[in-house]
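Listing of work06.cif; format and content: mmCIF, C-alpha atoms and all ligand atoms.
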```cif
data_entry
loop_
_atom_site.label_atom_id
_atom_site.label_comp_id
_atom_site.auth_asym_id
_atom_site.auth_seq_id
_atom_site.Cartn_x
_atom_site.Cartn_y
_atom_site.Cartn_z
CA MET G 1 33.26 -26.45 176.40
CA ILE G 2 33.42 -23.93 173.52
CA TYR G 3 35.48 -25.27 170.65
CA GLN G 4 37.50 -22.83 168.61
CA LEU G 5 37.15 -24.18 165.12
CA PRO G 6 40.05 -23.70 162.72
CA ALA G 7 39.16 -21.41 159.79
CA TYR G 8 39.04 -24.27 157.28
CA LEU G 9 36.13 -25.87 159.18
CA ARG G 10 34.03 -22.77 159.61
CA ASN G 11 32.21 -23.13 156.31
CA ILE G 12 30.50 -26.39 157.33
CA GLN G 13 26.81 -25.50 157.42
CA LYS G 14 25.01 -28.69 158.27
CA ILE G 15 25.44 -32.09 159.91
CA VAL G 16 23.66 -34.93 158.18
CA MET G 17 23.44 -38.31 159.91
CA ASP G 18 22.24 -41.78 159.06
CA ALA G 19 19.49 -42.64 161.55
CA ASP G 20 21.28 -45.64 163.01
CA VAL G 21 24.44 -43.70 163.93
CA GLN G 22 22.81 -40.56 165.31
CA ASN G 23 23.27 -41.72 168.91
CA THR G 24 26.78 -43.12 168.66
CA ALA G 25 29.42 -41.54 170.89
CA LEU G 26 31.03 -40.01 167.83
CA ALA G 27 27.81 -38.43 166.53
CA ARG G 28 27.00 -37.02 169.96
CA ARG G 29 30.47 -35.54 170.25
CA VAL G 30 30.25 -33.89 166.82
CA ARG G 31 26.83 -32.41 167.66
CA ASP G 32 28.19 -31.14 171.00
CA ARG G 33 31.11 -29.48 169.28
CA LEU G 34 28.98 -27.92 166.53
CA PRO G 35 25.84 -27.02 168.49
CA ASP G 36 24.74 -24.18 166.22
CA LEU G 37 24.65 -26.13 162.99
CA GLU G 38 21.52 -27.35 161.28
CA GLN G 39 21.06 -31.11 161.66
CA GLU G 40 19.30 -33.61 159.49
CA VAL G 41 18.73 -37.30 160.12
CA LEU G 42 18.31 -39.51 157.07
CA ARG G 43 15.70 -42.25 157.36
CA ALA G 44 16.82 -45.86 156.88
CA GLY G 45 17.58 -46.38 153.19
CA GLU G 46 17.40 -42.68 152.36
CA ALA G 47 20.44 -41.47 150.45
CA LEU G 48 22.11 -38.12 150.91
CA VAL G 49 21.63 -35.89 147.88
CA PRO G 50 24.63 -33.59 147.87
CA ASP G 51 23.72 -29.95 147.43
CA GLN G 52 26.73 -28.27 145.84
CA GLU G 53 25.75 -24.98 147.46
CA GLN G 54 25.99 -26.28 151.00
CA ALA G 55 28.97 -27.74 152.88
CA PHE G 56 27.86 -30.85 154.79
CA LEU G 57 29.48 -33.08 157.29
CA TYR G 58 27.93 -36.49 156.74
CA LEU G 59 28.12 -38.97 159.62
CA LYS G 60 27.56 -42.22 157.83
CA HIS G 61 26.91 -45.83 158.66
CA TYR G 62 29.66 -47.33 156.57
CA LYS G 63 29.02 -50.85 155.37
CA GLY G 64 32.28 -51.65 153.58
CA ARG G 65 35.63 -52.94 154.83
CA PHE G 66 37.49 -50.56 157.08
CA LEU G 67 40.94 -52.12 156.74
CA ARG G 68 42.25 -52.16 153.19
CA PHE G 69 45.40 -52.23 151.17
CA CYS G 70 46.54 -48.88 149.84
CA PRO G 71 45.42 -48.54 146.20
CA GLY G 72 48.98 -48.84 144.90
CA THR G 73 49.70 -50.21 141.49
CA LYS G 74 51.19 -53.47 140.34
CA HIS G 75 53.42 -51.70 137.80
CA TYR G 76 55.36 -49.65 140.34
CA ARG G 77 56.95 -50.36 143.72
CA CYS G 78 54.26 -50.06 146.34
CA CYS G 79 55.01 -49.76 150.07
CA GLY G 80 52.50 -52.30 151.48
CA TYR G 81 50.73 -49.77 153.66
CA ARG G 82 47.28 -50.67 155.04
CA ILE G 83 44.57 -48.07 155.25
CA ILE G 84 42.18 -47.77 158.15
CA HIS G 85 39.31 -46.17 156.31
CA ILE G 86 37.62 -43.60 158.58
CA GLY G 87 35.97 -41.32 156.04
CA GLU G 88 36.25 -39.62 152.69
CA ASN G 89 37.20 -36.20 151.37
CA CYS G 90 39.02 -33.36 153.05
CA PRO G 91 38.08 -29.85 154.18
CA LEU G 92 41.42 -28.46 152.98
CA ALA G 93 41.88 -27.45 149.37
CA CYS G 94 45.15 -28.35 147.68
CA SER G 95 44.96 -27.81 143.93
CA TYR G 96 46.79 -31.09 143.24
CA CYS G 97 44.63 -33.24 145.54
CA ILE G 98 44.16 -36.67 144.03
CA LEU G 99 40.94 -37.22 146.00
CA LYS G 100 39.18 -34.89 143.57
CA ALA G 101 39.65 -37.55 140.91
CA TYR G 102 38.87 -40.46 143.27
CA PHE G 103 35.48 -39.45 144.60
CA GLN G 104 32.42 -38.29 142.71
CA ASP G 105 31.19 -35.84 145.32
CA ARG G 106 32.93 -33.44 147.68
CA VAL G 107 30.87 -34.26 150.78
CA LEU G 108 32.94 -34.65 153.93
CA LYS G 109 32.08 -38.13 155.17
CA VAL G 110 32.96 -39.70 158.49
CA TRP G 111 32.20 -43.35 159.25
CA ALA G 112 30.33 -43.07 162.52
CA ASN G 113 29.65 -46.76 163.24
CA GLN G 114 32.90 -47.09 165.14
CA ASP G 115 31.82 -50.28 166.92
CA ASP G 116 31.94 -52.06 163.57
CA LEU G 117 35.39 -50.60 163.00
CA TRP G 118 36.66 -51.79 166.40
CA ARG G 119 35.24 -55.26 165.76
CA GLU G 120 36.93 -55.60 162.39
CA LEU G 121 40.28 -54.29 163.62
CA ASP G 122 40.21 -56.52 166.68
CA GLU G 123 39.56 -59.57 164.50
CA LYS G 124 42.49 -58.70 162.27
CA PHE G 125 45.09 -57.58 164.79
CA GLN G 126 44.16 -59.99 167.57
CA GLY G 127 43.78 -62.78 165.02
CA SER G 128 47.40 -62.41 163.85
CA PRO G 129 49.29 -61.36 166.99
CA LYS G 130 52.71 -62.29 165.59
CA ARG G 131 52.22 -60.28 162.44
CA GLN G 132 53.09 -56.58 162.37
CA PHE G 133 50.83 -54.06 160.66
CA ARG G 134 51.78 -50.61 159.39
CA VAL G 135 48.53 -48.75 159.05
CA GLY G 136 47.37 -45.19 158.45
CA THR G 137 44.28 -43.07 157.98
CA GLY G 138 45.68 -40.41 155.65
CA GLU G 139 44.86 -41.91 152.27
CA PHE G 140 41.23 -40.98 151.60
CA THR G 141 41.20 -37.94 153.88
CA ASP G 142 43.67 -35.91 155.93
CA SER G 143 44.21 -37.83 159.21
CA LEU G 144 43.78 -34.79 161.47
CA ALA G 145 41.84 -32.12 159.57
CA LEU G 146 38.51 -33.11 161.17
CA GLU G 147 40.01 -34.02 164.55
CA PRO G 148 38.80 -30.81 166.29
CA ILE G 149 35.20 -31.90 165.69
CA THR G 150 35.35 -35.70 165.59
CA GLY G 151 38.20 -36.74 167.92
CA TYR G 152 38.48 -39.79 165.65
CA SER G 153 42.26 -40.22 165.84
CA ARG G 154 42.10 -39.95 169.59
CA ASP G 155 39.53 -42.77 169.71
CA LEU G 156 41.59 -44.86 167.32
CA LEU G 157 44.77 -44.40 169.32
CA ALA G 158 43.06 -45.31 172.57
CA PHE G 159 41.78 -48.47 170.87
CA LEU G 160 45.06 -49.41 169.17
CA GLY G 161 46.97 -49.06 172.42
CA ASN G 162 45.85 -52.66 173.07
CA TYR G 163 47.51 -53.96 169.89
CA PRO G 164 51.30 -53.65 170.05
CA ASN G 165 51.58 -55.36 166.66
CA CYS G 166 50.07 -52.31 165.01
CA CYS G 167 51.83 -49.04 164.18
CA LEU G 168 49.57 -46.16 163.13
CA GLU G 169 50.67 -43.27 160.93
CA LEU G 170 48.66 -40.04 161.15
CA LYS G 171 49.35 -38.04 158.01
CA SER G 172 48.34 -34.40 157.88
CA LYS G 173 48.89 -30.84 156.72
CA VAL G 174 47.33 -29.28 159.81
CA VAL G 175 48.45 -29.12 163.41
CA ASP G 176 46.27 -30.86 165.98
CA LEU G 177 47.99 -32.71 168.79
CA SER G 178 44.87 -33.19 170.91
CA TRP G 179 45.15 -36.98 170.43
CA MET G 180 48.51 -37.21 172.13
CA ASP G 181 47.46 -37.99 175.69
CA ALA G 182 45.39 -40.97 174.48
CA VAL G 183 48.55 -42.74 173.28
CA LYS G 184 49.72 -45.69 175.36
CA ARG G 185 52.79 -46.53 173.29
CA PRO G 186 54.44 -43.62 171.46
CA ASP G 187 56.67 -46.14 169.68
CA ARG G 188 53.56 -47.45 167.90
CA VAL G 189 52.41 -44.10 166.55
CA LEU G 190 53.95 -42.11 163.72
CA PRO G 191 52.69 -38.54 163.41
CA ALA G 192 53.43 -37.47 159.84
CA TRP G 193 53.38 -34.26 157.88
CA SER G 194 53.46 -33.60 154.17
CA LEU G 195 55.96 -30.93 153.19
CA ASN G 196 56.51 -29.00 150.02
CA SER G 197 58.47 -26.00 148.83
CA PRO G 198 57.29 -22.66 150.29
CA GLU G 199 56.12 -21.50 146.84
CA VAL G 200 54.02 -24.63 146.31
CA VAL G 201 52.48 -24.27 149.77
CA ASP G 202 51.63 -20.60 149.12
CA ALA G 203 50.21 -21.11 145.65
CA GLU G 204 48.64 -24.57 145.77
CA GLU G 205 47.63 -25.46 149.36
CA ARG G 206 44.69 -23.76 151.05
CA GLY G 207 43.59 -24.00 154.67
CA VAL G 208 46.78 -25.79 155.68
CA ALA G 209 49.22 -25.01 158.51
CA ALA G 210 52.39 -23.08 157.64
CA LEU G 211 55.50 -25.19 157.08
CA GLU G 212 57.04 -23.81 160.28
CA GLU G 213 53.94 -24.88 162.22
CA ARG G 214 54.02 -28.40 160.77
CA LEU G 215 57.71 -28.77 161.60
CA ALA G 216 57.27 -27.30 165.07
CA ALA G 217 54.47 -29.82 165.69
CA ALA G 218 56.74 -32.62 164.51
CA ARG G 219 59.41 -31.41 166.92
CA ASP G 220 56.85 -31.32 169.76
CA CYS G 221 55.99 -34.94 168.96
CA VAL G 222 59.65 -35.91 169.07
CA ARG G 223 60.04 -34.19 172.42
CA SER G 224 57.09 -36.26 173.65
CA GLY G 225 58.77 -39.53 172.66
CA PHE G 226 57.44 -40.12 169.13
CA ARG G 227 59.33 -40.54 165.90
CA VAL G 228 57.74 -38.81 162.92
CA CYS G 229 57.37 -39.37 159.18
CA LEU G 230 57.63 -36.82 156.41
CA HIS G 231 56.30 -36.85 152.88
CA PHE G 232 57.56 -34.81 149.95
CA ASP G 233 54.64 -35.61 147.73
CA PRO G 234 53.76 -34.22 145.25
CA ILE G 235 57.09 -32.74 144.23
CA ILE G 236 56.21 -30.14 141.64
CA MET G 237 58.29 -28.77 138.78
CA TYR G 238 58.13 -24.99 138.44
CA PRO G 239 60.74 -22.40 137.37
CA ALA G 240 62.56 -21.95 140.72
CA TRP G 241 61.91 -25.44 142.12
CA GLU G 242 65.53 -26.08 143.12
CA GLU G 243 65.64 -23.03 145.40
CA GLY G 244 62.24 -23.83 146.88
CA TYR G 245 63.03 -27.45 147.74
CA SER G 246 66.47 -26.50 149.06
CA GLU G 247 64.76 -24.06 151.40
CA ILE G 248 62.30 -26.54 152.89
CA ILE G 249 65.02 -29.17 153.29
CA GLU G 250 67.21 -26.71 155.20
CA MET G 251 64.22 -25.77 157.33
CA LEU G 252 63.44 -29.39 158.09
CA PHE G 253 66.90 -29.97 159.55
CA ASP G 254 66.48 -26.87 161.72
CA TYR G 255 63.64 -28.68 163.50
CA LEU G 256 64.44 -32.40 163.31
CA ARG G 257 67.41 -34.73 163.55
CA PRO G 258 67.70 -37.69 161.15
CA ALA G 259 67.08 -40.14 164.02
CA ASP G 260 63.72 -38.45 164.70
CA ILE G 261 62.42 -39.50 161.28
CA ALA G 262 61.16 -43.06 160.79
CA TYR G 263 60.78 -42.65 157.03
CA LEU G 264 60.40 -40.00 154.37
CA SER G 265 58.65 -40.56 151.06
CA LEU G 266 59.24 -38.84 147.76
CA GLY G 267 56.70 -38.71 144.96
CA SER G 268 56.58 -36.57 141.86
CA PHE G 269 53.19 -35.06 140.95
CA ARG G 270 51.07 -37.63 139.10
CA GLY G 271 47.45 -38.41 138.52
CA MET G 272 44.82 -39.79 136.22
CA PRO G 273 43.99 -37.53 133.24
CA GLU G 274 40.70 -36.59 134.97
CA LEU G 275 42.70 -34.95 137.75
CA PHE G 276 44.52 -32.76 135.23
CA ASP G 277 41.17 -31.77 133.69
CA PHE G 278 39.77 -30.97 137.13
CA ILE G 279 42.79 -28.81 138.06
CA ALA G 280 42.64 -26.95 134.74
CA ARG G 281 38.97 -26.09 135.35
CA GLN G 282 39.15 -25.38 139.06
CA TRP G 283 42.59 -23.79 139.40
CA PRO G 284 43.41 -22.27 135.98
CA GLU G 285 46.49 -20.54 137.36
CA ALA G 286 48.10 -23.90 138.35
CA GLY G 287 50.75 -23.87 135.60
CA TYR G 288 52.50 -27.05 136.77
CA ILE G 289 49.99 -29.25 134.95
CA TYR G 290 51.40 -28.06 131.62
CA GLN G 291 54.82 -29.64 132.15
CA GLU G 292 55.94 -32.68 130.14
CA TYR G 293 53.72 -35.50 131.39
CA VAL G 294 53.31 -38.91 129.81
CA PRO G 295 50.92 -41.73 130.71
CA GLY G 296 52.56 -44.39 132.88
CA LEU G 297 51.85 -48.12 132.87
CA ASP G 298 49.04 -47.55 135.38
CA GLY G 299 47.34 -44.86 133.25
CA LYS G 300 48.49 -42.03 135.53
CA MET G 301 50.22 -39.06 133.96
CA ARG G 302 53.76 -38.58 135.25
CA LEU G 303 56.60 -36.23 134.41
CA LEU G 304 58.99 -37.71 131.87
CA ARG G 305 61.32 -40.07 133.69
CA PRO G 306 64.55 -37.99 133.15
CA LEU G 307 62.78 -35.01 134.73
CA ARG G 308 61.58 -37.07 137.68
CA VAL G 309 65.08 -38.45 138.17
CA LYS G 310 66.43 -34.88 138.05
CA GLN G 311 63.94 -33.77 140.75
CA PHE G 312 64.65 -36.77 142.96
CA ARG G 313 68.45 -36.61 142.61
CA PHE G 314 68.46 -32.96 143.57
CA ILE G 315 66.30 -33.51 146.64
CA VAL G 316 67.87 -36.80 147.73
CA LYS G 317 71.36 -35.30 147.58
CA ARG G 318 70.35 -32.60 150.06
CA LEU G 319 68.46 -35.00 152.31
CA ARG G 320 71.51 -37.27 152.40
CA GLN G 321 73.75 -34.31 153.21
CA GLY G 322 71.47 -33.74 156.20
CA GLY G 323 71.96 -37.34 157.36
CA LEU G 324 68.91 -39.18 155.97
CA ASP G 325 69.41 -42.29 153.91
CA ARG G 326 67.72 -45.56 154.93
CA GLN G 327 64.54 -43.61 155.66
CA LEU G 328 64.14 -42.45 152.05
CA TYR G 329 61.77 -44.20 149.69
CA PHE G 330 59.71 -43.51 146.60
CA CYS G 331 55.98 -43.71 146.40
CA MET G 332 55.09 -45.71 143.31
CA GLU G 333 58.25 -45.58 141.24
CA SER G 334 59.98 -48.15 139.08
CA ASP G 335 63.15 -50.07 139.92
CA ALA G 336 64.90 -48.02 137.22
CA VAL G 337 64.18 -44.78 139.10
CA TRP G 338 65.15 -46.33 142.44
CA ARG G 339 68.46 -47.48 140.95
CA ALA G 340 69.14 -44.16 139.19
CA VAL G 341 68.53 -42.06 142.30
CA LEU G 342 69.12 -44.14 145.42
CA GLY G 343 71.48 -46.68 143.82
CA ILE G 344 69.44 -49.55 145.20
CA THR G 345 66.17 -51.33 144.42
CA PRO G 346 63.44 -52.25 146.91
CA LYS G 347 64.34 -55.92 146.44
CA GLU G 348 67.88 -55.22 147.65
CA LEU G 349 66.37 -53.62 150.74
CA GLY G 350 64.55 -56.87 151.44
CA GLY G 351 61.28 -55.65 149.86
CA LEU G 352 59.82 -52.18 150.38
CA ASP G 353 56.97 -53.31 152.64
CA THR G 354 59.36 -55.25 154.92
CA HIS G 355 61.86 -52.41 154.93
CA LEU G 356 59.24 -49.82 155.91
CA LEU G 357 57.75 -52.12 158.50
CA LYS G 358 61.19 -52.29 160.13
CA GLN G 359 61.59 -48.53 159.93
CA ALA G 360 58.13 -48.04 161.45
CA PHE G 361 58.71 -50.47 164.31
CA GLY G 362 62.28 -49.25 164.87
CA ILE G 363 63.83 -52.64 164.10
CA GLU G 364 67.51 -52.51 163.15
CA ASP G 365 68.37 -54.06 159.77
S1 LIG V 1 45.47 -32.09 152.66
FE1 LIG V 1 45.68 -33.90 151.40
S2 LIG V 1 43.62 -34.76 151.29
FE2 LIG V 1 43.41 -32.63 151.98
S3 LIG V 1 43.10 -31.40 150.11
FE3 LIG V 1 45.29 -31.40 150.54
S4 LIG V 1 46.10 -33.13 149.32
FE4 LIG V 1 43.88 -33.42 149.50
#
```

Represent the structure from my file as structure tokens, please.
Amino acid sequence: MIYQLPAYLRNIQKIVMDADVQNTALARRVRDRLPDLEQEVLRAGEALVPDQEQAFLYLKHYKGRFLRFCPGTKHYRCCGYRIIHIGENCPLACSYCILKAYFQDRVLKVWANQDDLWRELDEKFQGSPKRQFRVGTGEFTDSLALEPITGYSRDLLAFLGNYPNCCLELKSKVVDLSWMDAVKRPDRVLPAWSLNSPEVVDAEERGVAALEERLAAARDCVRSGFRVCLHFDPIIMYPAWEEGYSEIIEMLFDYLRPADIAYLSLGSFRGMPELFDFIARQWPEAGYIYQEYVPGLDGKMRLLRPLRVKQFRFIVKRLRQGGLDRQLYFCMESDAVWRAVLGITPKELGGLDTHLLKQAFGIED
């Protein structure tokens, strides 16, 4: 079969593999889908030396833990999400991407020793059958950006179909629904898209699907029996931000009904100082980094709290007018911001992790 690669994947020039994963099903599939690319197999113990001139896809034998807690922060309200770690870095290029400050190199890495992944997940999910897990792959990479060449989400969904105590969120800015027919229980899968104002998408996101395409894909998922999640993160302050965010919120309700949405997160742009330095060097026209930021308790720079509250109140008011309420939550905000904007704290919701677990599994409060 000839695979039509999306434009954002066409600059990959070479596949590099660790020797002991070169014959895994995943590595064979990637080689089949990218038959014209140069291939290199690293000998046991040989490390990849990234060449900044060349775009690699590195199929790696990952030796760490696959299932982890999201790197939230103890100073702000964290949502208790678990990450299934399937790789690192992203072929898309959003100026604000926090991964640029997380990882030292830009090499696209995919953990190709899936048997180890299956073993670890089975131990965890089978070992605690009464416990419910809300998991996702979209923290250290985009969940679906590499799907056309790896089929990783499809594999994961086929595997997780045996674990009804697990609900997987696939968070993305591209449209790839090729995983859908591998799903056994649509009520245990949450396709998710990040949204932003049209101006932010145009100026700051590269390689991504248009907002209309993301929302149309979300609607297709709903029509196929899924509920979806949405993320307004990072919300960015720029001169006409109110108009821009009003526009995307109106658009969102053209495509989806409130009951279609399991949850929707809101987060104002934030990051470690290194991220701001990186953006200033790489994307000098990104004026939003020169707003009024102050270091938070976790060392990340955030907009001054009154400005964040102003952003959130504006957006939440419109989302509530559209019929959303219990689905709304903040990513890493303080109780003071929760109270000022939503009029409630996570504790009053029964704890944010419990609340979102119920939203994910469709359990009535
Ligand atoms: S889609 Fe997400 S992970 Fe990829 S570059 Fe944009 S912000 Fe980063």

Q: Pick out the closest residue to Val16 (chain G) from this set: G:Gln104, G:Gln54, G:Gln4, G:Gln327. Count all atoms listed in the file.
A: G:Gln54

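You can rank G:Leu177, G:Cys94, G:Val21, G:Val110 by their closest distance to ligand LIG 1 (chain V) using all atoms listed in the file, and at the top of that list sits G:Cys94.
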
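With all atoms listed in the file as the atoms that count, the residue of G:Phe133, G:Lys60, G:Pro164, G:Ala55 with the shortest distance to Ala19 (chain G) is G:Lys60.
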
Give me the chain G side of the contact with ligand LIG 1 (chain V), cut-off 8 Å, one line per residue showing its nearest atom pair and distance in Å at one decimal, counting only C-alpha atoms and all ligand atoms, sorted by chain and residue number, as CSV.
```
residue,atom,partner,partner_atom,distance
G:Asn89,CA,V:LIG1,S2,6.6
G:Cys90,CA,V:LIG1,FE2,4.6
G:Pro91,CA,V:LIG1,FE2,6.4
G:Leu92,CA,V:LIG1,S3,4.4
G:Ala93,CA,V:LIG1,S3,4.2
G:Cys94,CA,V:LIG1,FE3,4.2
G:Ser95,CA,V:LIG1,S3,7.4
G:Tyr96,CA,V:LIG1,S4,6.5
G:Cys97,CA,V:LIG1,FE4,4.0
G:Ile98,CA,V:LIG1,FE4,6.4
G:Leu99,CA,V:LIG1,FE4,5.9
G:Lys100,CA,V:LIG1,FE4,7.7
G:Gly138,CA,V:LIG1,S2,7.4
G:Glu139,CA,V:LIG1,S2,7.3
G:Phe140,CA,V:LIG1,S2,6.7
G:Thr141,CA,V:LIG1,S2,4.8
G:Asp142,CA,V:LIG1,S2,4.8
G:Ala145,CA,V:LIG1,FE2,7.8
G:Ser172,CA,V:LIG1,S1,6.4
G:Lys173,CA,V:LIG1,S1,5.5
G:Val174,CA,V:LIG1,S1,7.9
G:Glu205,CA,V:LIG1,FE3,6.5
G:Arg206,CA,V:LIG1,FE3,7.7
G:Val208,CA,V:LIG1,S1,7.1
```

Q | Nearest candidate to Arg305 (chain G) (options G:Leu275, G:Leu264, G:Cys70, G:Val341; using only C-alpha atoms) | A | G:Val341

Q: Place a sphere of radius 9 Å on (61.6, -44.7, 142.0) in the file coordinates and name every protein, DNA or RNA residue with an atom inside or on its surface, counting all atoms listed in the file; give the answer as a ChimeraX atom specification.
A: /G:76-77,266-267,308-309,312,329-342,345

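Computed from the coordinates, the CA of Leu5 (chain G) to CA of Thr150 (chain G) distance equals 11.7 Å.
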
Q) Restricting the calculation to all atoms listed in the file, which member of G:Cys167, G:Arg214, G:Gln321, G:Leu230 is positioned closest to Gly362 (chain G)? A) G:Cys167

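From CA of Arg227 (chain G) back to CA of Trp241 (chain G), the distance works out to 28.3 Å.
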
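Ranking G:Ile236, G:Ala112, G:Leu190, G:Ile86 by their shortest atom-to-atom distance to Phe361 (chain G), with only C-alpha atoms included, puts G:Leu190 first.
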
Q: Provide the CA of Ala182 (chain G) to CA of Cys229 (chain G) distance in Å, to one decimal place.
A: 19.5 Å

Got a sec: who's within 12 Å of Ala262 (chain G), counting all atoms listed in the file, leaving out chain neighbours fewer than 4 positions off, as an mmCIF file with C-alpha atoms, in the coordinates of the input?
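The resulting file, part.cif, is shown below:
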```cif
data_model
loop_
_atom_site.group_PDB
_atom_site.id
_atom_site.type_symbol
_atom_site.label_atom_id
_atom_site.label_comp_id
_atom_site.auth_asym_id
_atom_site.auth_seq_id
_atom_site.Cartn_x
_atom_site.Cartn_y
_atom_site.Cartn_z
ATOM 1 C CA CYS G 167 51.830 -49.040 164.180
ATOM 2 C CA GLU G 169 50.670 -43.270 160.930
ATOM 3 C CA ASP G 187 56.670 -46.140 169.680
ATOM 4 C CA ARG G 188 53.560 -47.450 167.900
ATOM 5 C CA VAL G 189 52.410 -44.100 166.550
ATOM 6 C CA LEU G 190 53.950 -42.110 163.720
ATOM 7 C CA PRO G 191 52.690 -38.540 163.410
ATOM 8 C CA ALA G 192 53.430 -37.470 159.840
ATOM 9 C CA ALA G 218 56.740 -32.620 164.510
ATOM 10 C CA VAL G 222 59.650 -35.910 169.070
ATOM 11 C CA PHE G 226 57.440 -40.120 169.130
ATOM 12 C CA ARG G 227 59.330 -40.540 165.900
ATOM 13 C CA VAL G 228 57.740 -38.810 162.920
ATOM 14 C CA CYS G 229 57.370 -39.370 159.180
ATOM 15 C CA LEU G 230 57.630 -36.820 156.410
ATOM 16 C CA HIS G 231 56.300 -36.850 152.880
ATOM 17 C CA LEU G 256 64.440 -32.400 163.310
ATOM 18 C CA ARG G 257 67.410 -34.730 163.550
ATOM 19 C CA PRO G 258 67.700 -37.690 161.150
ATOM 20 C CA LEU G 324 68.910 -39.180 155.970
ATOM 21 C CA ASP G 325 69.410 -42.290 153.910
ATOM 22 C CA ARG G 326 67.720 -45.560 154.930
ATOM 23 C CA GLN G 327 64.540 -43.610 155.660
ATOM 24 C CA LEU G 328 64.140 -42.450 152.050
ATOM 25 C CA TYR G 329 61.770 -44.200 149.690
ATOM 26 C CA HIS G 355 61.860 -52.410 154.930
ATOM 27 C CA LEU G 356 59.240 -49.820 155.910
ATOM 28 C CA LEU G 357 57.750 -52.120 158.500
ATOM 29 C CA LYS G 358 61.190 -52.290 160.130
ATOM 30 C CA GLN G 359 61.590 -48.530 159.930
ATOM 31 C CA ALA G 360 58.130 -48.040 161.450
ATOM 32 C CA PHE G 361 58.710 -50.470 164.310
ATOM 33 C CA GLY G 362 62.280 -49.250 164.870
ATOM 34 C CA ILE G 363 63.830 -52.640 164.100
ATOM 35 C CA GLU G 364 67.510 -52.510 163.150
#
```

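When the distance limit is 9 Å and all atoms listed in the file are what count, the residues near Leu59 (chain G), minus those fewer than 6 positions from it on the same chain, are Ile15, Val16, Met17, Asp18, Val21, Gln22, Leu26, Ala27, Gly87, Leu108, Lys109, Val110, Trp111, Ala112 and Asn113 of chain G.
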
Place a sphere of radius 12 Å on (64.6, -25.2, 149.0) in the file coordinates and name every protein, DNA or RNA residue with an atom inside or on its surface, counting only C-alpha atoms; give the answer as a PDB file with C-alpha atoms, in the frame of the given file.
```pdb
ATOM      1  CA  LEU G 195      55.960 -30.930 153.190  1.00  0.00           C
ATOM      2  CA  ASN G 196      56.510 -29.000 150.020  1.00  0.00           C
ATOM      3  CA  SER G 197      58.470 -26.000 148.830  1.00  0.00           C
ATOM      4  CA  PRO G 198      57.290 -22.660 150.290  1.00  0.00           C
ATOM      5  CA  GLU G 199      56.120 -21.500 146.840  1.00  0.00           C
ATOM      6  CA  VAL G 200      54.020 -24.630 146.310  1.00  0.00           C
ATOM      7  CA  PHE G 232      57.560 -34.810 149.950  1.00  0.00           C
ATOM      8  CA  ILE G 235      57.090 -32.740 144.230  1.00  0.00           C
ATOM      9  CA  ALA G 240      62.560 -21.950 140.720  1.00  0.00           C
ATOM     10  CA  TRP G 241      61.910 -25.440 142.120  1.00  0.00           C
ATOM     11  CA  GLU G 242      65.530 -26.080 143.120  1.00  0.00           C
ATOM     12  CA  GLU G 243      65.640 -23.030 145.400  1.00  0.00           C
ATOM     13  CA  GLY G 244      62.240 -23.830 146.880  1.00  0.00           C
ATOM     14  CA  TYR G 245      63.030 -27.450 147.740  1.00  0.00           C
ATOM     15  CA  SER G 246      66.470 -26.500 149.060  1.00  0.00           C
ATOM     16  CA  GLU G 247      64.760 -24.060 151.400  1.00  0.00           C
ATOM     17  CA  ILE G 248      62.300 -26.540 152.890  1.00  0.00           C
ATOM     18  CA  ILE G 249      65.020 -29.170 153.290  1.00  0.00           C
ATOM     19  CA  GLU G 250      67.210 -26.710 155.200  1.00  0.00           C
ATOM     20  CA  MET G 251      64.220 -25.770 157.330  1.00  0.00           C
ATOM     21  CA  LEU G 252      63.440 -29.390 158.090  1.00  0.00           C
ATOM     22  CA  PHE G 253      66.900 -29.970 159.550  1.00  0.00           C
ATOM     23  CA  GLN G 311      63.940 -33.770 140.750  1.00  0.00           C
ATOM     24  CA  PHE G 314      68.460 -32.960 143.570  1.00  0.00           C
ATOM     25  CA  ILE G 315      66.300 -33.510 146.640  1.00  0.00           C
ATOM     26  CA  ARG G 318      70.350 -32.600 150.060  1.00  0.00           C
ATOM     27  CA  LEU G 319      68.460 -35.000 152.310  1.00  0.00           C
TER      28      LEU G 319
END
```
